[in-house]
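S.K.: Attaching a single structure in structure tokens format; questions to follow.
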Amino acid sequence: MSTLVFLEHHGGELQKGSLGVLGKAATLGDDVSAVLAGGGVRSLAPEAGKYGAKTVYVLEDDSLEPPTPQPRVDVLAKLVQEKGFDTVLFGNSVLAADVAAGLAARLDAGLNWDLVDLTSDFVGKRPALQDSVLVDVGWRSTPRLALFRAGSFDAGESDGGGTPAIEDVSVDFEEHSRSAKVVSQEAEQSSGPSIEDADVIVAGGRGLGAPENFTLAEELAKALGGAVGATRAVVDAGWYPYSAQIGQTGKVVSPKLYVALGISGAIQHKVGMQSSNVIVAINKDPNAPIFEFSDLGVVGDVHEIVPKLTELVKQKRGQ
Amino acid sequence: MKIAVCVKHVPEGHGRLDPGSKRLDRTGEGALNHFDANAVEEALRLKGDSDSEVVVVSLGPEKAADSLRKALAMGADRAVLVSDEAAAGSDLVATSAILAKTLERESADLILFGQQASDADGAVLWAAVAERLRRPVVSQAAELTLNDGSLRVKRQTEFGYDVIEAPLPAVVAVSDAINEPRYPSLKGIMGAKKKPFETLSLGDVGADAAQAGDPGSKTEVLALGDPPSRGDARKIEDSGNAAQEIVDFLAEKRLI
């Protein structure tokens with residue numbers, strides 16, 4: 001087995017999601033390589049050795065710093081064809097999903113997605129149909145492509161970690177690969193405690209009814225010593241800042257306690273918070289999908305319950 | 001100009017996997033994948049009052065005609081359904097090959113997708129289709145504008161927003177935040193019955209049956225099992241005492 005892991009970087013740091021996948025690959029076999037493409041990536045390459053990469057392929061090119069998928073398909077296709085990797089692994093992200101699917105089409109290779117685990121004999125584990133069933137999936141040929149659900153693996157340094165060999169890659173890009181261009185990027189500034197590091201998160205969705213009702217979430221979060229999160233629906237509606245957005249295109253979090261207020265539990269949100277230790281949901285709709293993955297589901301009105309809950313938590317914690 | 005929208009007919013409700021074939025049971029009622037309604041809406045918005053054509057394309061069972069008719073009732077001009085027993089069970093590689101063949105016949109300036117399929121949770125097909133057609137692709141579009149042979153997309157990522165420009169022809173996957181899909185009007189529903197509707201086989205679109213369905217797929221479902229349990233999950237109805245019950249639960253879990 002020879003495995004290539006697609007590494008992502010942002011703001012001068014390798015991303016935890018792709019490092020988690022690299023660490024997983026290192027537990028399955030020794031022949032693990034990683035690939036990094038962008039501007040200033042060479043200095044990030046040695047770090048990947050700690051997570052188990054024996055070789056890091058580097059394409060140092062400022063024009064690849066913007067996160068467009070198609071030039072990266074060219075890079076990975078060349079590495080697979082030249083080096084004969086039989087397995088290529090990705091941690092899910094907006095960018096990685098598009099790279100993985102583009103590569104699948106380029107190489108006519110099987111891609112299994114939304115995996116939460118992979119065994120050493122190449123059986124992928126995929127929760128399906130709102131996680132009501134766990135499906136074992138496989139590949140019929142090589143290379144095998146796998147896209148893992150965000151947060152499936154912790155980014156822990158590998159026991160066999162060390163200094164990786166660093167090899168430069170050069171690629172002739174396909175004509176269509178670089179025609180989409182990023183013309184500007186807006187980073188969102190965060191305010192308040194970071195939701196990624198919080199032990200407790202209180203998140204609000206459309207069920208709060210109005211933007212001013214986010215004070216319910218804020219006061220409960222304060223009483224519990226936690227941070228406030230939001231669904232994409234309320235962020236897009238302008239009720240709460242993007243920096244608090246949890247889900248597929250927001251942050252992926254796994255706090256000790258996640259309290260969901262007026263959140264239906266759409267898949268877009270779920271993928272961002274389902275690995276929380278304990279999930280408590282309050283929603284007036286008894287059929288809301290969130291109840292299917294909550295440890296305690298409360299069918300009721302957030303406006304009635306949350307103020308009382310905040311008071312009781314304050315009393316209990318002696319505030 | 002011509003805008004093609006790829007749509008999927010998905011089972012209504014929760015869906016189930018057939019233990020025999022290990023495929024999604026598609027025998028029951030189905031509906032237009034609601035994420036694809038955003039793509040149809042965006043095509044209609046871009047078309048506006050112009051003489052552009054919006055063609056909706058689907059690969060699926062004969063019943064998928066219902067979802068295409070819904071898109072026609074919303075305002076699309078024409079529908080193409082590729083329906084062939086030999087295509088059943090196609091995975092990403094096989095599906096993208098058949099769709100690319102179908103789309104090649106249309107030579108659309110813009111090809112739109114919704115952000116995911118609500119049944120299989122797939123959110124990658126556009127990138128595979130774009131690769132086969134050798135066209136630029138942009139996903140997670142929260143805003144889309146066309147401007148004289150090119151497009152401009154504002155897309156949401158994990159870190160904020162990127163603005164991306166690409167020349168046409170191109171492939172775009174829109175997010176469900178991009179618009180609020182319209183409901184078909186009664187007039188639209190009546191009018192849909194008269195709109196052009198083609199049903200094609202794999203042979204009609206020039207797709208190779210050996211590269212479709214089970215023989216053309218490079219992935220397989222090996223077994224179905226139970227998901228990891230969340231343990232002693234509880235659900236209660238608020239009868240005025242829910243706040244206390246939550247506090248007791250949190251105390252029991254040593255979270256407060």
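In the structure tokens, chains take the letters A, B, ... in the order shown, each chain's residues start at 1, and ligands count up from 1 in the order shown.
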Would you list which chain A residues are within 7 Å of chain B using only C-alpha atoms, as a ChimeraX atom specification?

M.R.: /A:94,97-98,101-102,104-106,108-112,127,129,131-141,176-177,179-188,236,249-251,294-300,305,308-309,313,317

S.K.: Only N, CA and C atoms, please: the residues just picked out, written as a short mmCIF file (atom, residue, chain, number, x, y, z; two decimals), in the first residue's frame.

M.R.:
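Saved result, again_19.cif, follows:
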```cif
data_model
loop_
_atom_site.label_atom_id
_atom_site.label_comp_id
_atom_site.auth_asym_id
_atom_site.auth_seq_id
_atom_site.Cartn_x
_atom_site.Cartn_y
_atom_site.Cartn_z
N VAL A 94 -14.37 22.44 1.44
CA VAL A 94 -14.91 22.94 0.17
C VAL A 94 -13.92 22.64 -0.96
N ALA A 97 -13.13 18.46 -1.51
CA ALA A 97 -14.19 17.69 -2.17
C ALA A 97 -14.10 17.88 -3.69
N ASP A 98 -13.85 19.10 -4.11
CA ASP A 98 -13.78 19.36 -5.55
C ASP A 98 -12.51 18.75 -6.17
N ALA A 101 -13.13 14.83 -6.43
CA ALA A 101 -14.05 14.41 -7.50
C ALA A 101 -13.45 14.67 -8.87
N GLY A 102 -12.71 15.76 -9.00
CA GLY A 102 -12.03 16.04 -10.27
C GLY A 102 -10.99 14.95 -10.57
N ALA A 104 -11.06 11.88 -9.45
CA ALA A 104 -11.77 10.63 -9.75
C ALA A 104 -12.12 10.57 -11.23
N ALA A 105 -12.61 11.69 -11.77
CA ALA A 105 -12.98 11.71 -13.19
C ALA A 105 -11.74 11.63 -14.08
N ARG A 106 -10.68 12.34 -13.69
CA ARG A 106 -9.45 12.34 -14.50
C ARG A 106 -8.87 10.94 -14.62
N ASP A 108 -10.49 8.06 -13.77
CA ASP A 108 -11.51 7.01 -13.74
C ASP A 108 -11.33 6.13 -12.51
N ALA A 109 -11.17 6.79 -11.37
CA ALA A 109 -10.90 6.08 -10.12
C ALA A 109 -12.11 6.19 -9.20
N GLY A 110 -12.32 5.16 -8.39
CA GLY A 110 -13.45 5.17 -7.46
C GLY A 110 -13.22 6.13 -6.33
N LEU A 111 -14.25 6.93 -6.00
CA LEU A 111 -14.19 7.84 -4.86
C LEU A 111 -15.32 7.49 -3.91
N ASN A 112 -14.98 7.15 -2.67
CA ASN A 112 -15.98 7.02 -1.62
C ASN A 112 -15.88 8.24 -0.72
N PRO A 127 -21.50 6.49 7.35
CA PRO A 127 -22.86 6.62 7.85
C PRO A 127 -23.73 7.22 6.75
N LEU A 129 -28.00 7.99 5.09
CA LEU A 129 -29.40 8.25 5.38
C LEU A 129 -29.58 8.83 6.79
N ASP A 131 -27.48 9.13 8.97
CA ASP A 131 -26.73 8.29 9.92
C ASP A 131 -27.57 7.18 10.53
N SER A 132 -28.65 6.78 9.84
CA SER A 132 -29.48 5.69 10.36
C SER A 132 -28.87 4.33 10.01
N VAL A 133 -27.89 4.33 9.12
CA VAL A 133 -27.27 3.06 8.74
C VAL A 133 -25.77 3.31 8.53
N LEU A 134 -24.96 2.30 8.89
CA LEU A 134 -23.52 2.42 8.66
C LEU A 134 -23.17 1.49 7.50
N VAL A 135 -22.69 2.07 6.42
CA VAL A 135 -22.45 1.30 5.21
C VAL A 135 -20.95 1.00 5.08
N ASP A 136 -20.64 -0.26 4.79
CA ASP A 136 -19.26 -0.63 4.45
C ASP A 136 -19.09 -0.47 2.95
N VAL A 137 -18.10 0.30 2.55
CA VAL A 137 -17.89 0.53 1.12
C VAL A 137 -16.48 0.10 0.71
N GLY A 138 -16.34 -0.23 -0.56
CA GLY A 138 -15.03 -0.68 -1.03
C GLY A 138 -14.72 -0.12 -2.41
N TRP A 139 -13.55 -0.50 -2.91
CA TRP A 139 -13.09 -0.05 -4.22
C TRP A 139 -12.83 -1.28 -5.10
N ARG A 140 -13.07 -1.14 -6.39
CA ARG A 140 -12.86 -2.27 -7.30
C ARG A 140 -11.55 -2.18 -8.05
N SER A 141 -10.87 -1.06 -7.94
CA SER A 141 -9.61 -0.90 -8.66
C SER A 141 -8.78 0.16 -7.96
N HIS A 176 -7.88 24.00 -19.14
CA HIS A 176 -9.07 24.46 -18.40
C HIS A 176 -8.79 24.65 -16.91
N SER A 177 -7.63 24.16 -16.44
CA SER A 177 -7.42 24.08 -14.99
C SER A 177 -7.22 25.42 -14.32
N SER A 179 -8.36 28.45 -15.57
CA SER A 179 -9.16 29.54 -16.12
C SER A 179 -10.09 30.17 -15.08
N ALA A 180 -10.41 29.41 -14.00
CA ALA A 180 -11.15 30.04 -12.90
C ALA A 180 -10.13 30.71 -11.99
N LYS A 181 -10.35 32.00 -11.71
CA LYS A 181 -9.36 32.75 -10.92
C LYS A 181 -10.01 33.41 -9.72
N VAL A 182 -9.33 33.32 -8.58
CA VAL A 182 -9.81 34.03 -7.40
C VAL A 182 -9.38 35.49 -7.54
N VAL A 183 -10.34 36.40 -7.56
CA VAL A 183 -9.99 37.82 -7.74
C VAL A 183 -9.94 38.57 -6.42
N SER A 184 -10.62 38.07 -5.39
CA SER A 184 -10.48 38.68 -4.07
C SER A 184 -10.91 37.68 -3.01
N GLN A 185 -10.43 37.90 -1.79
CA GLN A 185 -10.80 37.05 -0.67
C GLN A 185 -11.14 37.93 0.51
N GLU A 186 -12.24 37.61 1.17
CA GLU A 186 -12.61 38.36 2.38
C GLU A 186 -12.51 37.40 3.54
N ALA A 187 -11.56 37.66 4.42
CA ALA A 187 -11.50 36.85 5.64
C ALA A 187 -12.48 37.45 6.62
N GLU A 188 -13.15 36.60 7.35
CA GLU A 188 -14.09 37.10 8.35
C GLU A 188 -13.37 37.20 9.69
N ASP A 236 -26.62 33.63 7.08
CA ASP A 236 -27.00 34.20 5.78
C ASP A 236 -28.10 35.24 5.91
N THR A 249 -19.71 24.60 5.72
CA THR A 249 -18.88 25.70 5.26
C THR A 249 -18.46 26.62 6.40
N GLY A 250 -18.80 26.26 7.61
CA GLY A 250 -18.35 27.06 8.74
C GLY A 250 -17.29 26.30 9.53
N LYS A 251 -17.35 26.42 10.83
CA LYS A 251 -16.39 25.72 11.68
C LYS A 251 -16.89 24.31 11.98
N SER A 294 -29.24 13.69 19.23
CA SER A 294 -29.09 14.39 20.50
C SER A 294 -29.09 13.40 21.65
N ASP A 295 -28.31 13.70 22.70
CA ASP A 295 -28.33 12.86 23.89
C ASP A 295 -29.56 13.18 24.73
N LEU A 296 -29.90 14.46 24.76
CA LEU A 296 -31.15 14.87 25.41
C LEU A 296 -31.89 15.79 24.44
N GLY A 297 -33.05 15.35 24.01
CA GLY A 297 -33.88 16.17 23.13
C GLY A 297 -35.06 16.70 23.90
N VAL A 298 -35.32 17.98 23.81
CA VAL A 298 -36.45 18.58 24.52
C VAL A 298 -37.39 19.22 23.50
N VAL A 299 -38.60 18.69 23.43
CA VAL A 299 -39.59 19.27 22.54
C VAL A 299 -40.28 20.38 23.31
N GLY A 300 -40.02 21.61 22.92
CA GLY A 300 -40.61 22.73 23.63
C GLY A 300 -40.17 24.05 23.03
N ILE A 305 -38.21 28.03 27.76
CA ILE A 305 -37.29 27.16 28.52
C ILE A 305 -35.95 27.83 28.81
N LYS A 308 -35.38 30.25 31.88
CA LYS A 308 -35.41 29.48 33.14
C LYS A 308 -34.13 28.67 33.31
N LEU A 309 -33.72 28.06 32.19
CA LEU A 309 -32.51 27.23 32.22
C LEU A 309 -31.29 28.07 32.60
N VAL A 313 -28.93 27.39 35.80
CA VAL A 313 -27.49 27.12 35.63
C VAL A 313 -26.68 28.08 36.49
N ARG A 317 -24.18 27.02 39.47
CA ARG A 317 -22.76 27.34 39.41
C ARG A 317 -22.39 28.49 40.35
#
```

S.K.: List the spatial neighbours of B:Val40 as a PyMOL selection string - criterion: any atom at most 7 Å away, only C-alpha atoms, same-chain residues fewer than 4 positions off excluded.

M.R.: chain B and resi 5+36+44+71

S.K.: Got a sec: who's within 8 Å of A:Leu64, counting only C-alpha atoms, leaving out chain neighbours fewer than 3 positions off, as a list in words?

M.R.: Ala37, Gly38, Gly39, Asp61, Pro67, Thr68 and Pro71 of chain A

S.K.: Could you give me, as a PyMOL selection string, the residues within 12 Å of A:Val21, counting only C-alpha atoms and dropping anything in the same chain fewer than 5 positions from it?

M.R.: chain A and resi 3-8+15-16+26-28+32-34+48+51-53+88-92+115-118+146-158

S.K.: Since we have the selection now, will you write its residues out, keeping N, CA and C atoms, as a short mmCIF file (atom, residue, chain, number, x, y, z; two decimals), in the first residue's frame?

M.R.:
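Output contents, as saved in result_28.cif:
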```cif
data_model
loop_
_atom_site.label_atom_id
_atom_site.label_comp_id
_atom_site.auth_asym_id
_atom_site.auth_seq_id
_atom_site.Cartn_x
_atom_site.Cartn_y
_atom_site.Cartn_z
N THR A 3 0.35 5.38 -0.02
CA THR A 3 -0.74 6.34 0.17
C THR A 3 -0.25 7.76 0.00
N LEU A 4 -1.07 8.55 -0.67
CA LEU A 4 -0.82 9.98 -0.81
C LEU A 4 -1.94 10.73 -0.09
N VAL A 5 -1.56 11.69 0.76
CA VAL A 5 -2.56 12.48 1.49
C VAL A 5 -2.50 13.93 1.01
N PHE A 6 -3.66 14.46 0.68
CA PHE A 6 -3.77 15.85 0.22
C PHE A 6 -3.78 16.76 1.45
N LEU A 7 -2.74 17.59 1.56
CA LEU A 7 -2.66 18.50 2.71
C LEU A 7 -3.16 19.89 2.33
N GLU A 8 -3.91 20.47 3.25
CA GLU A 8 -4.38 21.85 3.04
C GLU A 8 -3.69 22.77 4.04
N GLN A 15 -3.66 22.53 7.92
CA GLN A 15 -4.99 22.42 8.52
C GLN A 15 -5.14 21.10 9.27
N LYS A 16 -5.75 21.21 10.46
CA LYS A 16 -5.91 20.05 11.34
C LYS A 16 -6.62 18.89 10.67
N ALA A 26 -0.94 7.00 8.48
CA ALA A 26 0.30 6.45 9.06
C ALA A 26 0.02 5.23 9.93
N THR A 27 -1.20 5.11 10.46
CA THR A 27 -1.53 3.92 11.26
C THR A 27 -1.84 2.73 10.38
N LEU A 28 -2.10 2.96 9.08
CA LEU A 28 -2.50 1.87 8.18
C LEU A 28 -1.33 1.29 7.39
N VAL A 32 3.75 6.34 3.37
CA VAL A 32 2.78 7.44 3.36
C VAL A 32 3.48 8.72 2.90
N SER A 33 2.92 9.35 1.90
CA SER A 33 3.43 10.62 1.41
C SER A 33 2.33 11.67 1.49
N ALA A 34 2.73 12.93 1.40
CA ALA A 34 1.76 14.01 1.42
C ALA A 34 2.10 14.99 0.31
N ALA A 48 4.77 18.12 8.37
CA ALA A 48 3.97 16.94 7.99
C ALA A 48 4.66 15.64 8.39
N TYR A 51 3.52 13.97 11.55
CA TYR A 51 2.22 13.26 11.50
C TYR A 51 2.33 11.98 10.67
N GLY A 52 3.53 11.66 10.22
CA GLY A 52 3.73 10.36 9.60
C GLY A 52 4.08 10.37 8.13
N ALA A 53 4.22 11.55 7.51
CA ALA A 53 4.58 11.58 6.08
C ALA A 53 6.08 11.27 5.94
N VAL A 88 -5.37 7.47 -2.34
CA VAL A 88 -5.26 8.92 -2.16
C VAL A 88 -6.35 9.35 -1.18
N LEU A 89 -5.95 10.01 -0.09
CA LEU A 89 -6.90 10.35 0.98
C LEU A 89 -7.04 11.87 1.13
N PHE A 90 -8.28 12.27 1.44
CA PHE A 90 -8.62 13.69 1.60
C PHE A 90 -9.46 13.87 2.86
N GLY A 91 -9.24 14.96 3.59
CA GLY A 91 -10.15 15.36 4.65
C GLY A 91 -11.14 16.35 4.04
N ASN A 92 -12.41 16.20 4.31
CA ASN A 92 -13.39 17.02 3.59
C ASN A 92 -13.23 18.51 3.87
N LEU A 115 -16.68 9.34 4.51
CA LEU A 115 -16.23 8.22 5.33
C LEU A 115 -15.84 8.73 6.72
N VAL A 116 -16.06 7.89 7.72
CA VAL A 116 -15.61 8.24 9.07
C VAL A 116 -14.45 7.35 9.51
N ASP A 117 -14.19 6.29 8.72
CA ASP A 117 -13.06 5.42 9.07
C ASP A 117 -12.68 4.58 7.85
N LEU A 118 -11.48 4.00 7.94
CA LEU A 118 -10.98 3.12 6.87
C LEU A 118 -10.17 2.03 7.55
N ALA A 146 -10.49 8.41 -1.27
CA ALA A 146 -11.39 8.49 -0.12
C ALA A 146 -11.42 9.91 0.42
N LEU A 147 -12.63 10.37 0.69
CA LEU A 147 -12.85 11.70 1.26
C LEU A 147 -13.49 11.48 2.63
N PHE A 148 -12.79 11.91 3.69
CA PHE A 148 -13.29 11.66 5.04
C PHE A 148 -14.10 12.83 5.56
N ARG A 149 -15.13 12.50 6.30
CA ARG A 149 -15.94 13.50 6.98
C ARG A 149 -15.03 14.33 7.89
N ALA A 150 -15.29 15.64 7.91
CA ALA A 150 -14.46 16.54 8.73
C ALA A 150 -14.53 16.09 10.19
N GLY A 151 -13.38 16.14 10.86
CA GLY A 151 -13.34 15.83 12.28
C GLY A 151 -13.32 14.35 12.59
N SER A 152 -13.12 13.49 11.56
CA SER A 152 -13.12 12.05 11.81
C SER A 152 -11.92 11.60 12.64
N PHE A 153 -10.80 12.28 12.45
CA PHE A 153 -9.59 11.87 13.17
C PHE A 153 -8.96 13.09 13.85
N ASP A 154 -8.49 12.89 15.08
CA ASP A 154 -7.74 13.96 15.75
C ASP A 154 -6.37 14.07 15.10
N ALA A 155 -5.88 15.29 15.03
CA ALA A 155 -4.55 15.50 14.45
C ALA A 155 -3.50 15.27 15.54
N GLY A 156 -3.12 14.01 15.73
CA GLY A 156 -2.10 13.69 16.74
C GLY A 156 -0.79 13.34 16.06
N GLU A 157 0.33 13.72 16.69
CA GLU A 157 1.62 13.42 16.07
C GLU A 157 1.85 11.91 16.11
N SER A 158 2.45 11.40 15.02
CA SER A 158 2.62 9.97 14.87
C SER A 158 3.83 9.47 15.66
#
```

S.K.: Rounded to one decimal in Å, what is the spacing between atom CA of A:Leu107 and atom CA of A:Ala77?

M.R.: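 Separating atom CA of A:Leu107 from atom CA of A:Ala77 is a distance of 7.1 Å.
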
S.K.: Atom CA of A:Gly265 and atom CA of B:Val7 are how many Å apart?

M.R.: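 Rounded to one decimal, the two atoms are 23.6 Å apart.
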
S.K.: Using only C-alpha atoms, determine which residues lie at most 12 Å from A:Gln319, disregarding the query and same-chain residues fewer than 5 positions distant; provide the list as number ranges by chain.

M.R.: A: 222-225, 310-314
